[in-house]
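Report on the following structure.
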Amino acid sequence: MRIELQALQREIPTITGMKTHELCECLAMIGFPVDGTDTQPTAEVLEVDVTANRGDALSHRGLARDIAARLDAPLSPIPVAPNQESEALLPIQLETDACPIYSTAILKLDCASANQTPADTQAFLTAMGSNAKGLAPVDASNELLYRYGHPTHAFDADKLKGGICVRWAKAGETLLALDGVQRSLNTKDMVIADDSGPIALAGVIGGDSTKVTENTKRVLLESAFFAPQTVRASARRHGLHTDASIRFGRGTDTSFVKTARDLLADRLTSWAGAELLGAWTVGQYPSKPPGAALTKKVLHRIAGEPIQLDEAQKILLRLGCQAETFDDTLNVQPPSWRHDLSIAEDYAEEILRIRGYDRIEAALPPFEGAPEPLPRSYQQKRTLSRRLTQLGFYQTVTLGFISPEADARYSGDSQESRTLLNPLGLEYSVMRSSLLPSLWNVAEANQRHGAKDIRLFEIAPVYKSTADGPVETNILGIVWAGFIGGENPLTPIRPVMTADLIAIARDLGFTGNVNLIALAQNAFGLEIPLDQLAEPAEKVIPTFQPFSRYPVVTRDLSLLVPLELSYGELESSIKSAMTPTPLQDIRCVDVFKDTRLTAEGKQAWLVRLKFQSSERTLTGQEVESWVQIAIDAAKPHGGILRG
Amino acid sequence: MDLRSLPPEIGKAHSDFAGLLEACTDLDALLRLKGAYLGRDDSFAARMMDTLKASPKEQKKELGIVINALKNQWEEALKSRQSNLEELRRQRAAMSLIWDVTLPPPLPSRGALHPLMRLIDRLADVFRPLGYHVEEGPEAETEAHNFDGLNIPEDHPARGSADTFYFQKHTDLLLRTHTSPVQVRVLKRLAPMIEQKGGIRFLAPGRVYRKDEIDPTHSPMFHQVEGMLVGRGIGMQHLKGTLDYAMKALFGSSADIRFRPSYFPFVEPGCEVDVRCPLCSGTGCRVCKSSGWVEILGAGLVHPNVLKFAGIKSDIWSGFAFGMGVERIAMMVSQTPDLRLFFENDQRFLAAMGGMD
């Protein structure tokens, strides 16, 4: 909301001597931070941030009211001479409760063609960012809106066909609005209609057919109360967030209806020599909203200090509320311009706000109940992330949605339940089923920037389509691409290999099948759902396991095996054959694949067996017999002891 | 020593000896020199012996003394040189085994945590001593959790498809627009046992989505950390005390906060919290737009409707909640000029900004 300093001072003269930064500070401390200032040759404008609940503060008068309550200073009286209510000059019918009151007047204009808007009003409108039109009814209506926050409208009375009716639009009706756009209306749009049909979308925008022009001879003024929900819905439906719809949509001052009409009529008379033909009102002021009872107990709890009820009452009265104390309770009713006050807590906030939030003491809350430990799933993510950084990986954060194409690259999951209704674009339209497309994207960007060793990971949810909707699971994605080593004399450079990523998976405690994805040359990706990785143990120290204090006997077997044999197969055969022996470890410690061997379809493995008994020292003889079992177990796989 | 009785070539050899000995830099060369001077055949010593044999008898004794002296001198010099060279060889062998400590050593690899994740971790650490644990909720949420349970009106603009991402096939599902739905989930879950627990305290970090185009200050996905406490007799003073502690723990003991009234549908009273500008300490700078304060989070006392929605009696229980934008804080403290850097994941940026814990 743009606020012009002189216009604000006109409403609350006390602030005239105040420095701008003091005023900004004052506004911020009552909930209206100033986003910026705009100093113009004839005006100084503040950009004031007004929260969505405070429609009443979207005017100079509205902000002045809160400043006045804060400073306990008087507001200027509103310069208005109430008009005598006359007989209706035109039938006006209110067919819906969404418009409980409609106040109007008809004036005869004199020389409407000349620009009769006073220079200071034109300057004010310019400061508001709304250029003066030179048409007194339009400019006066706009001026009143910015000054008092109450939108009004003027119709060319001679263009009206018959009487006026405030009603719901009928299906199929249209309105050519003041912005030149033809709009189709539906039955939830409240309209002002004459015998020809809708002539305005109530509280949102006027119609083109009845608009005021230089040739207008008679105007019909409109000042009404329109239900906020109705106006908000129409404004959203038609994408019309006008000055009027924003204010009606947040709730206007129900008791200001006649005043606004009179102020408008008064301006037309004084600016343009208009003659009032009649002013009348249809309907009733809406009933007052229920009040609330604020008890001393609730107020003291919220404030954290024993604020006296009479101090609280004074603040509420300064805000325009009705407030009466009854024992330990304040019975409060909101002023007609406030639509955001309904429960006791709302009034407690008002009291604290006007006293100043800076007066709230700081205290730590009572520590009731035992704290809970960090969930293990969270600890797991933390532990994994830290370990991966120690292994040289960089944690990344990427968007959860990707393009359908990228999503399909490494996953066959249906995209049906994972597709967004209103994405930012096709490339951000599917909730991803794999982290690899995003990680590979990041890897390629790093490669373009010259990185040689690219190690990335992300821990984030991925989605799976089900009939009930997208199902989310947390997953670890890893990408390793490029080359490793070459940065010191002891570690020669070499391309990244599958073994490197398998080692990472094993390091993280993953015992399952490592499903590596080759992303490009020397570039591999891996995904592990977090539920397949061990969560941090509940016990800080595991249960004691006795360990053998007898020596380990090691034997190396050099086995000649077929080139196509899988080591895992051989190992599991040997292991199962050796079940009765105290085999403690078996591993392949070297692989020979020279051209002579491979030409014959062979390779050689150096397999190391370790034996250890938990009861005694082993004898050479028994060890040799166990080694023989291993050699025998290798035979069916085509493995023979190398000579 | 009188060498005139020996052939002139011996004299020359002797005068050359010292230079040749010096020129021997390894044991092989020394052996060759030894052979040339003292070898059994065709050496200078052998030739001297020939000369001795051929010399007249009366000169033999004197000549023998000269020859022996000469041989001894050569032998001593060769031996000494040999032990020098052997010592040098031992030293070099030893030196070759020594790692030059000024060479780059094979350091363990170093990656980095993402700065946003590190900040979230830090916040969890800050709130641990106050007994807050961590709660996490799904990113694909229901309208009930994201809006209804938080007292957000039916026709609130945030519910519109211009602000919130919805799923195509499941129009009741959306991508959560804040971490506040975790409040609703946790309150509902713990409502039946709130008496036994004596209250609720937790922190809810996570990813959230809003329909903003990607630019230097906006991203359709960002992170929030939500905090909530429910207890008996909780008021604004407790919110202030808690956040005062937390901001001092985060920004240093001189960090100062202030509350400004604000509005969020799920709290009443509501406030925005500013922290004394950590860059200029409040004297005014570009970051705080000369005000000395930077907005850091939104907070307030839990709206009774939020407690009621979850089935908690709002006349007995009350609480506070706060929510902060992780990117906003990260950008502020690091003065990172462009939000997009956090999502580009350039390893150079991550190495510089993230570090390890």
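The way I read the labels, and the way they are meant: chains A, B, ... in the order of the structure tokens, residue 1 as the first residue of every chain, and ligand 1 as the first ligand shown, with later ones counted on from there.
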Using the chain letters and numbers from this document, which residues of segment 325-508 of chain A does DSSP assign to alpha helix (DSSP H), as a PDB file with C-alpha atoms, in the first residue's frame?
ATOM      1  CA  ALA A 344      -9.984 -13.799  22.827  1.00  0.00           C
ATOM      2  CA  GLU A 345      -6.489 -14.425  21.465  1.00  0.00           C
ATOM      3  CA  ASP A 346      -7.110 -11.860  18.706  1.00  0.00           C
ATOM      4  CA  TYR A 347      -7.774  -9.174  21.310  1.00  0.00           C
ATOM      5  CA  ALA A 348      -4.787 -10.254  23.391  1.00  0.00           C
ATOM      6  CA  GLU A 349      -2.642  -9.745  20.290  1.00  0.00           C
ATOM      7  CA  GLU A 350      -4.095  -6.259  19.803  1.00  0.00           C
ATOM      8  CA  ILE A 351      -3.226  -5.332  23.374  1.00  0.00           C
ATOM      9  CA  LEU A 352       0.357  -6.602  23.015  1.00  0.00           C
ATOM     10  CA  ARG A 353       0.733  -5.046  19.579  1.00  0.00           C
ATOM     11  CA  ILE A 354      -0.263  -1.576  20.672  1.00  0.00           C
ATOM     12  CA  ARG A 355       1.732  -1.808  23.929  1.00  0.00           C
ATOM     13  CA  ARG A 376      17.092 -43.090  13.879  1.00  0.00           C
ATOM     14  CA  SER A 377      16.098 -42.304  10.314  1.00  0.00           C
ATOM     15  CA  TYR A 378      17.399 -38.770  10.829  1.00  0.00           C
ATOM     16  CA  GLN A 379      20.566 -40.007  12.506  1.00  0.00           C
ATOM     17  CA  GLN A 380      21.072 -42.411   9.624  1.00  0.00           C
ATOM     18  CA  LYS A 381      20.934 -39.615   7.058  1.00  0.00           C
ATOM     19  CA  ARG A 382      23.336 -37.584   9.115  1.00  0.00           C
ATOM     20  CA  THR A 383      25.797 -40.457   9.562  1.00  0.00           C
ATOM     21  CA  LEU A 384      25.656 -41.421   5.878  1.00  0.00           C
ATOM     22  CA  SER A 385      26.199 -37.844   4.736  1.00  0.00           C
ATOM     23  CA  ARG A 386      29.172 -37.388   6.995  1.00  0.00           C
ATOM     24  CA  ARG A 387      30.755 -40.685   5.966  1.00  0.00           C
ATOM     25  CA  LEU A 388      30.307 -39.871   2.280  1.00  0.00           C
ATOM     26  CA  THR A 389      32.025 -36.520   2.690  1.00  0.00           C
ATOM     27  CA  GLN A 390      34.919 -38.359   4.321  1.00  0.00           C
ATOM     28  CA  PRO A 404       9.234 -36.993 -18.118  1.00  0.00           C
ATOM     29  CA  GLU A 405      12.070 -37.943 -20.484  1.00  0.00           C
ATOM     30  CA  ALA A 406      14.810 -37.656 -17.876  1.00  0.00           C
ATOM     31  CA  ASP A 407      12.646 -39.558 -15.412  1.00  0.00           C
ATOM     32  CA  ALA A 408      12.183 -42.456 -17.825  1.00  0.00           C
ATOM     33  CA  ARG A 409      15.935 -42.784 -18.417  1.00  0.00           C
ATOM     34  CA  LEU A 436      20.338 -40.329 -11.028  1.00  0.00           C
ATOM     35  CA  PRO A 437      19.062 -37.997 -13.784  1.00  0.00           C
ATOM     36  CA  SER A 438      19.486 -35.000 -11.485  1.00  0.00           C
ATOM     37  CA  LEU A 439      22.871 -36.138 -10.189  1.00  0.00           C
ATOM     38  CA  TRP A 440      24.179 -36.899 -13.670  1.00  0.00           C
ATOM     39  CA  ASN A 441      23.015 -33.470 -14.747  1.00  0.00           C
ATOM     40  CA  VAL A 442      25.057 -31.922 -11.943  1.00  0.00           C
ATOM     41  CA  ALA A 443      28.027 -34.165 -12.793  1.00  0.00           C
ATOM     42  CA  GLU A 444      27.997 -33.056 -16.425  1.00  0.00           C
ATOM     43  CA  ALA A 445      27.853 -29.400 -15.393  1.00  0.00           C
ATOM     44  CA  ASN A 446      30.856 -29.933 -13.124  1.00  0.00           C
ATOM     45  CA  GLN A 447      32.658 -31.704 -15.960  1.00  0.00           C
ATOM     46  CA  ARG A 448      32.006 -28.736 -18.249  1.00  0.00           C
ATOM     47  CA  THR A 498      32.911 -50.003 -11.072  1.00  0.00           C
ATOM     48  CA  ALA A 499      34.957 -51.445  -8.217  1.00  0.00           C
ATOM     49  CA  ASP A 500      35.299 -47.962  -6.732  1.00  0.00           C
ATOM     50  CA  LEU A 501      31.552 -47.531  -6.370  1.00  0.00           C
ATOM     51  CA  ILE A 502      31.086 -51.079  -5.094  1.00  0.00           C
ATOM     52  CA  ALA A 503      33.658 -50.278  -2.429  1.00  0.00           C
ATOM     53  CA  ILE A 504      31.599 -47.242  -1.404  1.00  0.00           C
ATOM     54  CA  ALA A 505      28.432 -49.318  -1.144  1.00  0.00           C
ATOM     55  CA  ARG A 506      30.254 -51.862   1.029  1.00  0.00           C
ATOM     56  CA  ASP A 507      31.813 -49.130   3.133  1.00  0.00           C
TER      57      ASP A 507
END
Discussion item. What's around segment 139-142 of chain A at 10 Å? Count only C-alpha atoms, leave out sequence neighbours fewer than 2 positions away in its own chain, and write the answer as a PyMOL selection string.
Written reply: chain A and resi 116-118+121-122+125+128+130-137+144-154+221-223+243-244+260-261+263-268+271
What would the file look like if the residues just selected were written as an mmCIF file, in the first residue's frame with C-alpha atoms?
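Result went into part06.cif, see below:
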data_model
loop_
_atom_site.group_PDB
_atom_site.id
_atom_site.type_symbol
_atom_site.label_atom_id
_atom_site.label_comp_id
_atom_site.auth_asym_id
_atom_site.auth_seq_id
_atom_site.Cartn_x
_atom_site.Cartn_y
_atom_site.Cartn_z
ATOM 1 C CA GLN A 116 -12.408 19.878 -12.561
ATOM 2 C CA THR A 117 -10.266 17.683 -10.323
ATOM 3 C CA PRO A 118 -8.295 19.996 -7.999
ATOM 4 C CA THR A 121 -6.044 15.741 -5.617
ATOM 5 C CA GLN A 122 -4.393 15.087 -8.968
ATOM 6 C CA LEU A 125 -3.553 10.359 -7.190
ATOM 7 C CA MET A 128 -0.740 6.736 -5.368
ATOM 8 C CA SER A 130 -3.037 6.106 -10.250
ATOM 9 C CA ASN A 131 -3.203 8.916 -12.774
ATOM 10 C CA ALA A 132 -6.076 11.373 -12.545
ATOM 11 C CA LYS A 133 -8.588 10.861 -15.351
ATOM 12 C CA GLY A 134 -9.843 14.452 -15.317
ATOM 13 C CA LEU A 135 -13.360 13.138 -14.690
ATOM 14 C CA ALA A 136 -14.513 14.399 -11.304
ATOM 15 C CA PRO A 137 -16.682 11.338 -10.390
ATOM 16 C CA LEU A 144 -11.726 8.452 -1.382
ATOM 17 C CA LEU A 145 -10.580 4.872 -1.817
ATOM 18 C CA TYR A 146 -6.933 5.676 -1.077
ATOM 19 C CA ARG A 147 -7.815 8.132 1.675
ATOM 20 C CA TYR A 148 -10.519 6.203 3.532
ATOM 21 C CA GLY A 149 -10.303 2.679 2.121
ATOM 22 C CA HIS A 150 -13.929 2.538 1.029
ATOM 23 C CA PRO A 151 -14.434 1.820 -2.705
ATOM 24 C CA THR A 152 -17.311 3.634 -4.422
ATOM 25 C CA HIS A 153 -18.518 3.723 -8.008
ATOM 26 C CA ALA A 154 -20.275 6.217 -10.275
ATOM 27 C CA LEU A 221 -23.275 6.929 -7.021
ATOM 28 C CA GLU A 222 -22.808 3.556 -5.412
ATOM 29 C CA SER A 223 -21.528 2.979 -1.884
ATOM 30 C CA ASP A 243 -8.114 -1.658 -5.779
ATOM 31 C CA ALA A 244 -11.809 -2.197 -5.041
ATOM 32 C CA ALA A 260 -18.489 7.415 1.662
ATOM 33 C CA ARG A 261 -21.502 8.333 -0.491
ATOM 34 C CA LEU A 263 -18.038 12.402 0.786
ATOM 35 C CA LEU A 264 -18.266 11.550 -2.902
ATOM 36 C CA ALA A 265 -21.379 13.679 -3.468
ATOM 37 C CA ASP A 266 -19.744 16.524 -1.586
ATOM 38 C CA ARG A 267 -16.668 16.429 -3.820
ATOM 39 C CA LEU A 268 -18.778 16.491 -6.986
ATOM 40 C CA TRP A 271 -15.349 20.475 -7.612
#
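The spacing separating atom CA of Gly163 of chain A from atom CA of Ala224 of chain A amounts to 16.4 Å.
Counting only C-alpha atoms, the residue from B:Asp26, B:Asp50, B:Glu295, B:Asp338 that sits nearest to His218 of chain B is B:Asp338.
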Worksheet entry | Selected residue, from A:Met29, A:Leu330, A:Asn53, A:Gly369, that lies nearest to Glu195 of chain B when counting only C-alpha atoms | A:Gly369
Output as a CSV table (one decimal) with C-alpha atoms, in the first residue's frame the set of chain A residues within 6 Å of chain B, with distances taken over only C-alpha atoms.
chain,number,residue,atom,x,y,z
A,29,MET,CA,6.4,-2.1,15.4
A,30,ILE,CA,2.6,-2.2,15.0
A,31,GLY,CA,2.8,-4.7,12.2
A,301,ARG,CA,-0.6,-16.3,29.9
A,302,ILE,CA,-0.2,-14.8,26.4
A,303,ALA,CA,1.6,-11.6,27.6
A,304,GLY,CA,3.7,-13.3,30.1
A,349,GLU,CA,-2.6,-9.7,20.3
A,357,TYR,CA,6.1,-6.4,21.3
A,360,ILE,CA,7.4,-8.8,26.1
A,361,GLU,CA,10.0,-10.3,28.4
A,362,ALA,CA,12.1,-13.3,27.3
A,363,ALA,CA,11.9,-16.4,29.4
A,364,LEU,CA,12.6,-20.1,28.6
A,365,PRO,CA,9.5,-22.3,28.8
A,368,GLU,CA,8.0,-30.5,31.1
A,369,GLY,CA,8.2,-34.1,30.1
A,371,PRO,CA,12.8,-35.2,25.7
A,372,GLU,CA,12.8,-37.8,22.9
A,374,LEU,CA,16.6,-38.0,17.6
A,389,THR,CA,32.0,-36.5,2.7
A,390,GLN,CA,34.9,-38.4,4.3
A,391,LEU,CA,35.0,-40.6,1.3
A,392,GLY,CA,35.4,-37.5,-0.9
A,393,PHE,CA,31.8,-37.0,-2.0
A,394,TYR,CA,29.9,-33.7,-2.3
A,395,GLN,CA,26.4,-33.5,-1.0
A,396,THR,CA,24.0,-32.0,-3.5
A,397,VAL,CA,20.5,-30.6,-3.4
A,398,THR,CA,18.4,-30.8,-6.6
A,417,SER,CA,0.5,-40.6,-10.2
A,419,THR,CA,2.8,-36.0,-12.7
A,420,LEU,CA,1.9,-32.4,-11.5
A,421,LEU,CA,-1.2,-30.7,-12.6
A,422,ASN,CA,0.3,-27.3,-12.9
A,446,ASN,CA,30.9,-29.9,-13.1
A,488,ASN,CA,50.4,-36.6,-5.2
Worksheet item: Can you list, as a PyMOL selection string, every residue of segment 368-565 of chain A that DSSP puts in strand (DSSP E or B)?
Response: chain A and resi 394-395+401-402+419-420+430-431+453-466+469-484+488+491+494-495+517-520+523-529+553-562
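Shell of Asp49 of chain A at 7 Å, with only C-alpha atoms counted and residues fewer than 5 places along the chain excluded, is Met1, Phe32, Pro33, Val34 and Asp35 of chain A.
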Expected file: the selected residues, C-alpha atoms, as a short mmCIF file (atom, residue, chain, number, x, y, z; two decimals), in the first residue's frame:
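Dumped to result01.cif:
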data_model
loop_
_atom_site.label_atom_id
_atom_site.label_comp_id
_atom_site.auth_asym_id
_atom_site.auth_seq_id
_atom_site.Cartn_x
_atom_site.Cartn_y
_atom_site.Cartn_z
CA MET A 1 0.00 0.00 0.00
CA PHE A 32 3.17 -2.58 9.05
CA PRO A 33 6.78 -2.78 7.87
CA VAL A 34 7.82 -0.21 5.28
CA ASP A 35 9.40 -1.92 2.27
#
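Here atom CA of Asp556 of chain A and atom CA of Leu606 of chain A stand 6.4 Å from one another.
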Worksheet entry | atom CA of Val287 of chain B to atom CA of Met332 of chain B, distance in Å rounded to a single decimal | 7.4 Å
Item to complete: Go through A:Tyr463, A:Phe524, A:Trp605, A:Trp626 one by one, measure the shortest atom-to-atom distance of each to Gly639 of chain A using only C-alpha atoms, and give the residue with the smallest value.
Response: A:Trp605
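You can rank B:Glu141, B:Asp100, B:Glu327, B:Asp28 by their closest distance to Glu86 of chain B using only C-alpha atoms, and at the top of that list sits B:Asp28.
Closest approach to Pro489 of chain A from the set B:Thr177, B:Asn305, B:Ser254, B:Trp99 is made by B:Trp99, with distances taken over only C-alpha atoms.
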Discussion item. Show me, as a PyMOL selection string, the residues that have an atom within 8 Å of segment 104-109 of chain A when counting only C-alpha atoms, minus same-chain residues fewer than 2 positions from it.
Written reply: chain A and resi 89+102+111-112+157+216-223+261+265+268+272-281
